[in-house]
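Source file: model_4.txt. Holds: compact mmCIF, C-alpha atoms and all ligand atoms.
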# COMPACT_ATOMS: atom_id res chain seq x y z
CA MET A 1 -17.34 -3.40 10.08
CA LEU A 2 -17.60 -1.18 7.02
CA ASP A 3 -20.25 -1.84 4.41
CA PRO A 4 -18.68 -4.06 1.69
CA LYS A 5 -20.45 -1.97 -0.96
CA ARG A 6 -18.71 1.11 0.41
CA LEU A 7 -15.34 -0.67 0.25
CA GLU A 8 -16.03 -1.41 -3.42
CA LYS A 9 -16.63 2.31 -3.97
CA PHE A 10 -13.08 3.01 -2.83
CA ARG A 11 -11.75 0.84 -5.68
CA VAL A 12 -10.52 2.80 -8.72
CA LYS A 13 -12.18 1.22 -11.77
CA PRO A 14 -9.77 0.57 -14.64
CA GLY A 15 -10.27 2.84 -17.63
CA LYS A 16 -12.41 5.36 -15.74
CA ILE A 17 -11.53 9.01 -15.31
CA LEU A 18 -10.49 9.77 -11.77
CA ARG A 19 -10.59 13.07 -9.91
CA LEU A 20 -9.44 13.01 -6.32
CA LYS A 21 -11.57 16.03 -5.60
CA ASP A 22 -14.61 13.76 -5.99
CA HIS A 23 -13.33 11.57 -3.11
CA ASP A 24 -14.04 12.92 0.37
CA PRO A 25 -10.98 12.43 2.64
CA ALA A 26 -13.20 13.00 5.69
CA TRP A 27 -15.78 10.35 4.84
CA GLN A 28 -16.98 8.21 7.75
CA PRO A 29 -20.05 6.06 8.33
CA GLU A 30 -23.18 7.95 9.32
CA GLY A 31 -24.59 7.91 12.81
CA LYS A 32 -23.43 8.95 16.24
CA THR A 33 -22.41 5.44 17.23
CA ALA A 34 -20.86 4.47 13.87
CA GLN A 35 -17.26 4.92 15.02
CA GLU A 36 -17.88 2.87 18.15
CA ALA A 37 -19.50 0.13 16.07
CA VAL A 38 -16.59 -0.01 13.62
CA GLU A 39 -14.03 -0.05 16.43
CA LYS A 40 -15.91 -2.79 18.24
CA THR A 41 -15.65 -5.13 15.25
CA MET A 42 -11.99 -4.26 14.72
CA ALA A 43 -10.61 -6.85 17.19
CA GLY A 44 -12.65 -9.62 15.55
CA ASN A 45 -11.49 -8.44 12.14
CA MET A 46 -7.86 -8.69 13.19
CA GLU A 47 -8.48 -12.31 14.19
CA LYS A 48 -9.99 -12.99 10.78
CA LEU A 49 -6.95 -11.40 9.17
CA TYR A 50 -4.62 -13.57 11.25
CA GLU A 51 -6.57 -16.71 10.33
CA ALA A 52 -6.40 -15.77 6.62
CA GLN A 53 -2.65 -15.17 6.86
CA CYS A 54 -2.12 -18.59 8.48
CA LYS A 55 -3.80 -20.24 5.48
CA LEU A 56 -1.75 -18.18 3.03
CA TYR A 57 1.45 -19.16 4.84
CA ALA A 58 0.52 -22.84 5.07
CA LYS A 59 -0.41 -22.97 1.39
CA ASP A 60 2.90 -21.41 0.37
CA GLU A 61 1.77 -20.69 -3.21
CA TRP A 62 0.43 -17.16 -3.39
CA SER A 63 1.93 -14.03 -1.94
CA ILE A 64 0.42 -10.64 -1.14
CA LEU A 65 1.86 -7.23 -1.93
CA VAL A 66 0.32 -4.18 -0.28
CA VAL A 67 1.49 -0.92 -1.84
CA LEU A 68 0.99 2.09 0.41
CA GLN A 69 1.19 5.64 -0.91
CA ALA A 70 0.21 8.92 0.71
CA MET A 71 1.16 12.50 1.42
CA ASP A 72 3.12 13.14 4.64
CA ALA A 73 1.22 12.66 7.90
CA ALA A 74 -1.57 10.71 6.20
CA GLY A 75 -1.03 7.90 8.70
CA LYS A 76 1.08 5.37 6.79
CA ASP A 77 3.18 4.38 9.79
CA GLY A 78 0.16 4.05 12.09
CA LEU A 79 -1.63 1.96 9.51
CA VAL A 80 1.34 -0.38 9.06
CA LYS A 81 1.56 -0.77 12.85
CA HIS A 82 -2.16 -1.49 13.11
CA VAL A 83 -2.29 -4.05 10.28
CA MET A 84 0.92 -5.77 11.38
CA SER A 85 -0.38 -6.08 14.93
CA GLY A 86 -2.81 -8.68 13.60
CA LEU A 87 -0.25 -10.71 11.68
CA ASN A 88 2.30 -13.41 12.46
CA PRO A 89 5.70 -11.66 12.04
CA GLN A 90 7.15 -14.82 10.44
CA GLY A 91 4.94 -14.34 7.41
CA CYS A 92 5.13 -10.63 6.76
CA ASN A 93 7.54 -7.80 6.25
CA VAL A 94 7.54 -4.09 5.58
CA HIS A 95 9.85 -2.31 3.23
CA SER A 96 10.17 1.49 3.40
CA PHE A 97 11.34 3.17 0.22
CA LYS A 98 13.49 6.24 0.76
CA SER A 99 15.33 8.47 -1.65
CA PRO A 100 17.31 6.02 -3.86
CA SER A 101 20.91 5.18 -2.88
CA PRO A 102 23.80 5.51 -5.39
CA GLU A 103 23.65 1.75 -6.01
CA GLU A 104 19.89 1.93 -6.62
CA LEU A 105 20.33 4.90 -8.96
CA ASP A 106 22.75 2.80 -10.98
CA HIS A 107 19.90 0.43 -11.89
CA SER A 108 16.46 0.69 -13.42
CA PHE A 109 13.88 2.08 -11.00
CA LEU A 110 12.15 -1.27 -10.58
CA TRP A 111 15.32 -3.10 -9.55
CA ARG A 112 15.04 -2.25 -5.88
CA CYS A 113 11.36 -3.20 -5.83
CA MET A 114 11.82 -6.59 -7.44
CA LYS A 115 14.50 -7.47 -4.91
CA VAL A 116 12.09 -7.10 -2.00
CA ALA A 117 8.89 -8.39 -3.64
CA PRO A 118 7.16 -10.98 -1.43
CA ALA A 119 8.14 -14.65 -1.39
CA ARG A 120 5.38 -17.27 -1.67
CA GLY A 121 3.23 -17.46 1.43
CA GLN A 122 4.36 -14.01 2.55
CA ILE A 123 2.73 -10.61 2.90
CA THR A 124 4.92 -7.63 2.05
CA ILE A 125 3.97 -4.03 2.63
CA PHE A 126 5.68 -1.39 0.51
CA ASN A 127 5.68 1.79 2.62
CA ARG A 128 6.07 4.14 -0.36
CA SER A 129 7.03 2.26 -3.49
CA HIS A 130 7.91 2.31 -7.20
CA TYR A 131 5.07 4.87 -7.49
CA GLU A 132 7.40 7.56 -6.09
CA GLU A 133 8.92 7.47 -9.58
CA VAL A 134 5.74 8.98 -11.05
CA LEU A 135 4.94 11.16 -8.02
CA VAL A 136 7.84 12.89 -6.27
CA VAL A 137 10.04 12.56 -9.38
CA LYS A 138 7.28 13.95 -11.59
CA VAL A 139 6.67 16.88 -9.24
CA HIS A 140 10.45 17.50 -9.10
CA PRO A 141 11.64 16.50 -12.59
CA GLU A 142 15.17 17.64 -11.65
CA TYR A 143 15.43 14.32 -9.72
CA LEU A 144 15.48 12.58 -13.09
CA GLY A 145 18.93 14.10 -13.62
CA LYS A 146 20.31 12.08 -10.70
CA GLN A 147 19.19 8.90 -12.44
CA ARG A 148 21.71 9.47 -15.26
CA LEU A 149 19.38 8.07 -17.90
CA PRO A 150 20.72 8.35 -21.46
CA ALA A 151 19.52 11.79 -22.62
CA ARG A 152 17.70 10.55 -25.69
CA LEU A 153 15.53 8.27 -23.57
CA VAL A 154 14.20 11.16 -21.53
CA THR A 155 11.38 12.49 -23.66
CA LYS A 156 7.91 13.94 -23.15
CA THR A 157 6.48 10.43 -23.02
CA ILE A 158 8.59 9.36 -20.04
CA TRP A 159 5.68 9.33 -17.54
CA LYS A 160 3.44 7.37 -19.88
CA GLU A 161 6.30 4.91 -20.39
CA ARG A 162 6.74 4.61 -16.63
CA TYR A 163 3.04 3.87 -16.11
CA GLU A 164 3.35 1.14 -18.75
CA ASP A 165 6.49 -0.29 -17.15
CA ILE A 166 4.81 -0.31 -13.74
CA ASN A 167 1.68 -2.01 -15.12
CA ASN A 168 3.81 -4.63 -16.85
CA PHE A 169 5.91 -5.20 -13.72
CA GLU A 170 2.79 -5.72 -11.64
CA GLN A 171 1.26 -7.99 -14.25
CA HIS A 172 4.42 -10.06 -14.19
CA LEU A 173 4.16 -10.42 -10.40
CA ALA A 174 0.43 -11.20 -10.65
CA ARG A 175 1.04 -13.89 -13.28
CA ASN A 176 3.53 -15.49 -10.95
CA GLY A 177 1.23 -15.70 -7.97
CA THR A 178 1.34 -12.31 -6.23
CA LYS A 179 -1.96 -10.66 -5.33
CA ILE A 180 -1.47 -6.90 -5.34
CA ILE A 181 -3.54 -4.27 -3.60
CA LYS A 182 -2.61 -0.62 -3.74
CA ILE A 183 -3.76 1.79 -1.06
CA PHE A 184 -3.78 5.56 -1.39
CA LEU A 185 -4.44 7.16 1.99
CA ASN A 186 -6.39 10.22 1.00
CA VAL A 187 -5.79 12.91 3.62
CA SER A 188 -6.99 16.50 3.20
CA LYS A 189 -4.67 19.49 3.16
CA GLU A 190 -6.42 20.88 6.27
CA GLU A 191 -6.00 17.62 8.19
CA GLN A 192 -2.31 17.50 7.21
CA LYS A 193 -1.91 20.98 8.68
CA ARG A 194 -3.61 19.88 11.93
CA ARG A 195 -1.32 16.85 12.19
CA PHE A 196 1.84 18.88 11.44
CA LEU A 197 0.84 21.40 14.13
CA ASP A 198 0.24 18.55 16.55
CA ARG A 199 3.74 17.24 15.79
CA LEU A 200 5.19 20.68 16.46
CA ASP A 201 3.19 21.29 19.63
CA THR A 202 3.67 17.87 21.26
CA PRO A 203 7.28 17.34 22.42
CA GLU A 204 6.96 13.52 22.11
CA LYS A 205 6.00 13.97 18.47
CA ASN A 206 8.62 16.58 17.53
CA TRP A 207 10.88 13.89 16.07
CA LYS A 208 8.22 13.06 13.49
CA PHE A 209 8.39 16.50 11.94
CA SER A 210 10.90 17.30 9.25
CA LEU A 211 11.30 20.73 7.68
CA GLY A 212 11.24 19.08 4.27
CA ASP A 213 7.61 18.09 4.90
CA LEU A 214 6.66 21.75 4.86
CA THR A 215 8.50 22.30 1.57
CA GLU A 216 6.61 19.43 -0.05
CA ARG A 217 3.31 20.82 1.24
CA ARG A 218 3.87 23.84 -1.00
CA PHE A 219 3.61 21.47 -3.97
CA TRP A 220 0.25 20.05 -2.80
CA ASP A 221 -1.63 20.84 -6.03
CA ASP A 222 1.13 19.37 -8.19
CA TYR A 223 1.03 16.20 -6.11
CA MET A 224 -2.75 15.94 -6.43
CA ARG A 225 -2.44 16.24 -10.21
CA ALA A 226 0.28 13.58 -10.26
CA TYR A 227 -1.88 11.31 -8.07
CA ASP A 228 -4.94 11.82 -10.31
CA GLU A 229 -3.00 10.80 -13.42
CA MET A 230 -1.19 7.95 -11.74
CA LEU A 231 -4.34 6.43 -10.16
CA GLU A 232 -6.13 6.60 -13.48
CA ALA A 233 -3.27 5.08 -15.47
CA THR A 234 -2.29 2.26 -13.12
CA SER A 235 -5.44 0.88 -11.51
CA THR A 236 -5.79 -2.49 -13.22
CA LYS A 237 -7.80 -5.65 -12.70
CA HIS A 238 -4.77 -7.50 -11.36
CA ALA A 239 -3.48 -4.60 -9.24
CA PRO A 240 -6.29 -2.22 -8.25
CA TRP A 241 -5.90 1.06 -6.41
CA PHE A 242 -8.16 1.91 -3.48
CA VAL A 243 -8.62 5.56 -2.52
CA ILE A 244 -9.15 5.34 1.23
CA PRO A 245 -10.50 8.31 3.21
CA ALA A 246 -7.78 9.03 5.77
CA ASP A 247 -8.85 12.07 7.77
CA HIS A 248 -10.35 9.65 10.30
CA LYS A 249 -7.73 7.09 11.20
CA TYR A 250 -10.21 4.43 12.35
CA VAL A 251 -11.86 4.47 8.90
CA ALA A 252 -8.57 3.97 7.09
CA ARG A 253 -7.43 1.18 9.43
CA ALA A 254 -10.73 -0.72 9.32
CA ALA A 255 -10.97 -0.39 5.53
CA VAL A 256 -7.45 -1.63 4.85
CA ALA A 257 -7.73 -4.57 7.27
CA GLU A 258 -10.97 -5.63 5.59
CA ILE A 259 -9.66 -5.25 2.03
CA LEU A 260 -6.52 -7.19 2.94
CA THR A 261 -8.45 -10.04 4.59
CA LYS A 262 -10.80 -10.32 1.64
CA THR A 263 -7.88 -10.39 -0.80
CA ILE A 264 -6.05 -13.13 1.08
CA LEU A 265 -9.20 -15.24 1.31
CA GLU A 266 -9.60 -15.07 -2.47
CA VAL A 267 -6.51 -17.24 -2.82
CA ALA A 268 -6.20 -19.07 0.49
CA THR A 269 -9.60 -20.26 1.65
CA GLU A 270 -8.49 -23.40 3.42
CA TYR A 271 -5.49 -25.09 4.96
CA PRO A 272 -3.70 -27.46 2.56
CA THR A 273 -5.13 -30.97 2.71
CA VAL A 274 -3.05 -34.11 2.93
CA GLY A 275 -3.40 -36.92 0.34
CA PRO A 276 -4.12 -40.60 1.22
CA GLU A 277 -0.45 -41.66 1.06
CA ALA A 278 0.70 -38.84 3.32
CA LYS A 279 -2.19 -39.62 5.69
CA LEU A 280 -0.92 -43.21 5.94
CA ALA A 281 2.58 -41.94 6.72
CA LEU A 282 1.13 -39.68 9.43
CA ALA A 283 -0.73 -42.62 10.96
CA GLU A 284 2.51 -44.64 11.00
CA ALA A 285 4.36 -41.77 12.63
CA ARG A 286 1.64 -41.61 15.25
CA THR A 287 1.89 -45.34 16.02
CA LYS A 288 5.68 -45.04 16.36
CA LEU A 289 5.38 -42.11 18.75
CA ILE A 290 2.79 -43.85 20.90
CA SER A 291 4.80 -47.06 21.18
CA GLU A 292 8.02 -45.25 22.24
P1 LIG A 301 7.92 9.38 7.79
O1 LIG A 301 8.21 10.80 7.43
O2 LIG A 301 6.52 9.17 8.29
O3 LIG A 301 8.94 8.73 8.66
P2 LIG A 301 8.40 8.86 5.02
O4 LIG A 301 7.94 7.74 4.13
O5 LIG A 301 7.93 10.23 4.65
O6 LIG A 301 7.94 8.50 6.47
P3 LIG A 301 11.01 9.90 4.93
O7 LIG A 301 12.35 9.30 5.23
O8 LIG A 301 10.57 11.14 5.62
O9 LIG A 301 9.94 8.75 5.12
O10 LIG A 301 10.88 10.19 3.39
C1 LIG A 301 11.28 9.38 2.39
C2 LIG A 301 11.45 10.29 1.22
O11 LIG A 301 12.03 9.57 0.16
C3 LIG A 301 10.14 10.88 0.74
O12 LIG A 301 10.21 12.26 0.68
C4 LIG A 301 9.99 10.28 -0.65
O13 LIG A 301 9.34 11.15 -1.55
C5 LIG A 301 11.44 10.03 -1.02
N1 LIG A 301 11.55 9.01 -2.06
C6 LIG A 301 11.11 7.76 -2.05
N2 LIG A 301 11.33 7.15 -3.23
C7 LIG A 301 11.92 8.06 -4.02
C8 LIG A 301 12.39 8.05 -5.35
N3 LIG A 301 12.28 6.95 -6.10
N4 LIG A 301 12.96 9.18 -5.84
C9 LIG A 301 13.06 10.27 -5.07
N5 LIG A 301 12.63 10.35 -3.81
C10 LIG A 301 12.06 9.27 -3.28
MG MG A 302 8.50 12.00 5.77
Serialized structure, structure tokens:
Amino acid sequence: MLDPKRLEKFRVKPGKILRLKDHDPAWQPEGKTAQEAVEKTMAGNMEKLYEAQCKLYAKDEWSILVVLQAMDAAGKDGLVKHVMSGLNPQGCNVHSFKSPSPEELDHSFLWRCMKVAPARGQITIFNRSHYEEVLVVKVHPEYLGKQRLPARLVTKTIWKERYEDINNFEQHLARNGTKIIKIFLNVSKEEQKRRFLDRLDTPEKNWKFSLGDLTERRFWDDYMRAYDEMLEATSTKHAPWFVIPADHKYVARAAVAEILTKTILEVATEYPTVGPEAKLALAEARTKLISE
């Protein structure tokens, strides 16, 4: 288990200046046996997560949205697999956001996100998300052209406007019963290189490598700037960002499982209870069954 105080340190405080260079992607707990200790508690943590999800599902009031953003090879897919392995598939789903389709480009950028936002009782993971609109699109402003926005609406303030729209969208979801947590898997440029090389050198991993990943790596500094600004502008009380060290996969997986469990338990502490009338009906049903 990771120290809860440490988990709090990963949270981006609203209104505070944020510099990713102050966050160590290679952070891990101190001590030779720290990794072993964290991994040992992982199985128990997954059970706690499952138990929390059952309550959320049974309550059928709140929903959970996990937004996952990262550079390539930061471990998004592995993280999704790990977290999902502890959940009941009936109550969760993952949505991966790719380059927008023509139909999606014909609508506002939040349209496709709203359509797949979680239903009550459900956990939804956004693997990439609406944040691509202030990351990849900001790093490659020519993508804005494809969106065919009316020219006079595309001004210097467009990114600020998008942060506002995103904050308002998330506030709307929060006010309607969605708990939102946003995870940035913070991988270092050196670790990305190691993982790319591993994908190139291991035949079973070749399929994971795309030449485009190398092109995007050339824009690393631009991405870091875009992430800095975005994290600072959109970490709010109702939808906080967590900057999670991702050079060590076990750290990222343990941290996210713990943050997710804690978040669910804030809104679903117990199973729904049954009132006196319903209890009477249950007792009658029982008598009927017994006397069959
Ligand atoms: P992996 O490579 O691990 O399978 P991935 O999330 O990188 O996962 P890809 O299909 O490789 O999946 O990439 C999806 C691409 O779609 C990313 O390059 C991302 O930047 C791009 N994308 C997502 N949303 C948008 C958007 N709104 N506008 C432009 N590009 C986007
Ligand atoms: Mg990719």
Nearest to Ala174 (chain A) by atom-to-atom distance, counting only C-alpha atoms, from A:Phe196, A:Phe242, A:Trp62, A:Trp111: A:Trp62
Among listed residues A:Leu65, A:Ile17, A:Ile166, A:Leu197, nearest Val134 (chain A) (using only C-alpha atoms):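 Closest candidate: A:Ile166.
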Give me, as a tab-separated table, the closest atom pair and its distance (Å, one decimal) for every residue of chain A within a cut-off of 6 Å of ligand LIG 301 (chain A), counting all atoms listed in the file, rows sorted by chain and rising number.
residue	atom	partner	partner_atom	distance
A:Asp72	CA	A:LIG301	O5	5.6
A:Phe97	CA	A:LIG301	C6	5.1
A:Lys98	CA	A:LIG301	O11	3.7
A:Ser99	CA	A:LIG301	C10	3.7
A:Pro100	CA	A:LIG301	C8	5.5
A:Glu132	CA	A:LIG301	N2	4.9
A:Glu133	CA	A:LIG301	N3	4.9
A:Val136	CA	A:LIG301	O13	5.2
A:Val137	CA	A:LIG301	N4	5.7
Select from chain A every residue with an atom at most 9 Å from any atom of ligand MG 302 (chain A), then for each give the shortest pair of atoms and their distance in Å to one decimal, using all atoms listed in the file, rows by chain and rising number, as a tab-separated table.
residue	atom	partner	partner_atom	distance
A:Met71	CA	A:MG302	MG	8.5
A:Asp72	CA	A:MG302	MG	5.6
A:Ala73	CA	A:MG302	MG	7.6
A:Lys208	CA	A:MG302	MG	7.8
A:Phe209	CA	A:MG302	MG	7.6
A:Ser210	CA	A:MG302	MG	6.8
A:Gly212	CA	A:MG302	MG	7.7
A:Asp213	CA	A:MG302	MG	6.2
Interatomic distance, CA of Asp60 (chain A) to CA of Ala268 (chain A) (Å, one decimal): 9.4 Å
Neighbour list for Val139 (chain A) as a list in words, cut-off 9 Å, all atoms listed in the file, skip fewer than 2 positions in-chain: Val134, Leu135, Val136, Val137, Pro141, Glu142, Phe219, Asp222, Tyr223 and Ala226 of chain A
Using only C-alpha atoms: which of A:Trp159, A:Phe126, A:Phe184, A:Tyr227 has the shortest distance to Met114 (chain A):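 Ranked by minimum distance to Met114 (chain A), first place goes to A:Phe126.
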Two-atom distance - CA of Asp201 (chain A), CA of Leu185 (chain A) (Å):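 Result for CA of Asp201 (chain A) versus CA of Leu185 (chain A): 23.9 Å, one decimal.
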Can you build me a table of region 36-147 of chain A residues sitting at most 8 Å from region 271-287 of chain A, with the closest atom pair per residue and its distance in Å to one decimal, using all atoms listed in the file, sorted by chain and residue number, as a tab-separated table?
residue	atom	partner	partner_atom	distance
A:Lys55	CA	A:Tyr271	CA	5.2
A:Ala58	CA	A:Tyr271	CA	6.4
A:Lys59	CA	A:Pro272	CA	5.7
Point-to-point distance from CA of Arg19 (chain A) to CA of Glu170 (chain A), Å rounded to tenths: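 Calculated distance between CA of Arg19 (chain A) and CA of Glu170 (chain A) is 23.1 Å.
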Exercise: Ser235 (chain A) partners within 8 Å, all atoms listed in the file, chain neighbours under 5 positions left out, as a list in words: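 Contacts, with the query itself left out: Val12, Lys13, Pro14, Pro240 and Trp241 of chain A.
Restricting the calculation to all atoms listed in the file, the smallest distance between His238 (chain A) and any of A:Tyr163, A:Tyr57, A:Phe10, A:Phe169 is found for A:Phe169.
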Pick from A:Arg148, A:His140, A:Pro89, A:Arg225, whichever lies nearest to Pro102 (chain A) using all atoms listed in the file: A:Arg148
Who sits within 9 Å of Ala52 (chain A), all atoms listed in the file, same chain under 4 positions skipped, as a PyMOL selection string: chain A and resi 47-48+56-57+261-262+264-265+268-270
Limited to C-alpha atoms, could you put the picked residues into a file as a CSV table (one decimal), in the frame of the given file?
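Written output follows (again-v8.csv):
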chain,number,residue,atom,x,y,z
A,47,GLU,CA,-8.5,-12.3,14.2
A,48,LYS,CA,-10.0,-13.0,10.8
A,56,LEU,CA,-1.8,-18.2,3.0
A,57,TYR,CA,1.4,-19.2,4.8
A,261,THR,CA,-8.4,-10.0,4.6
A,262,LYS,CA,-10.8,-10.3,1.6
A,264,ILE,CA,-6.0,-13.1,1.1
A,265,LEU,CA,-9.2,-15.2,1.3
A,268,ALA,CA,-6.2,-19.1,0.5
A,269,THR,CA,-9.6,-20.3,1.6
A,270,GLU,CA,-8.5,-23.4,3.4
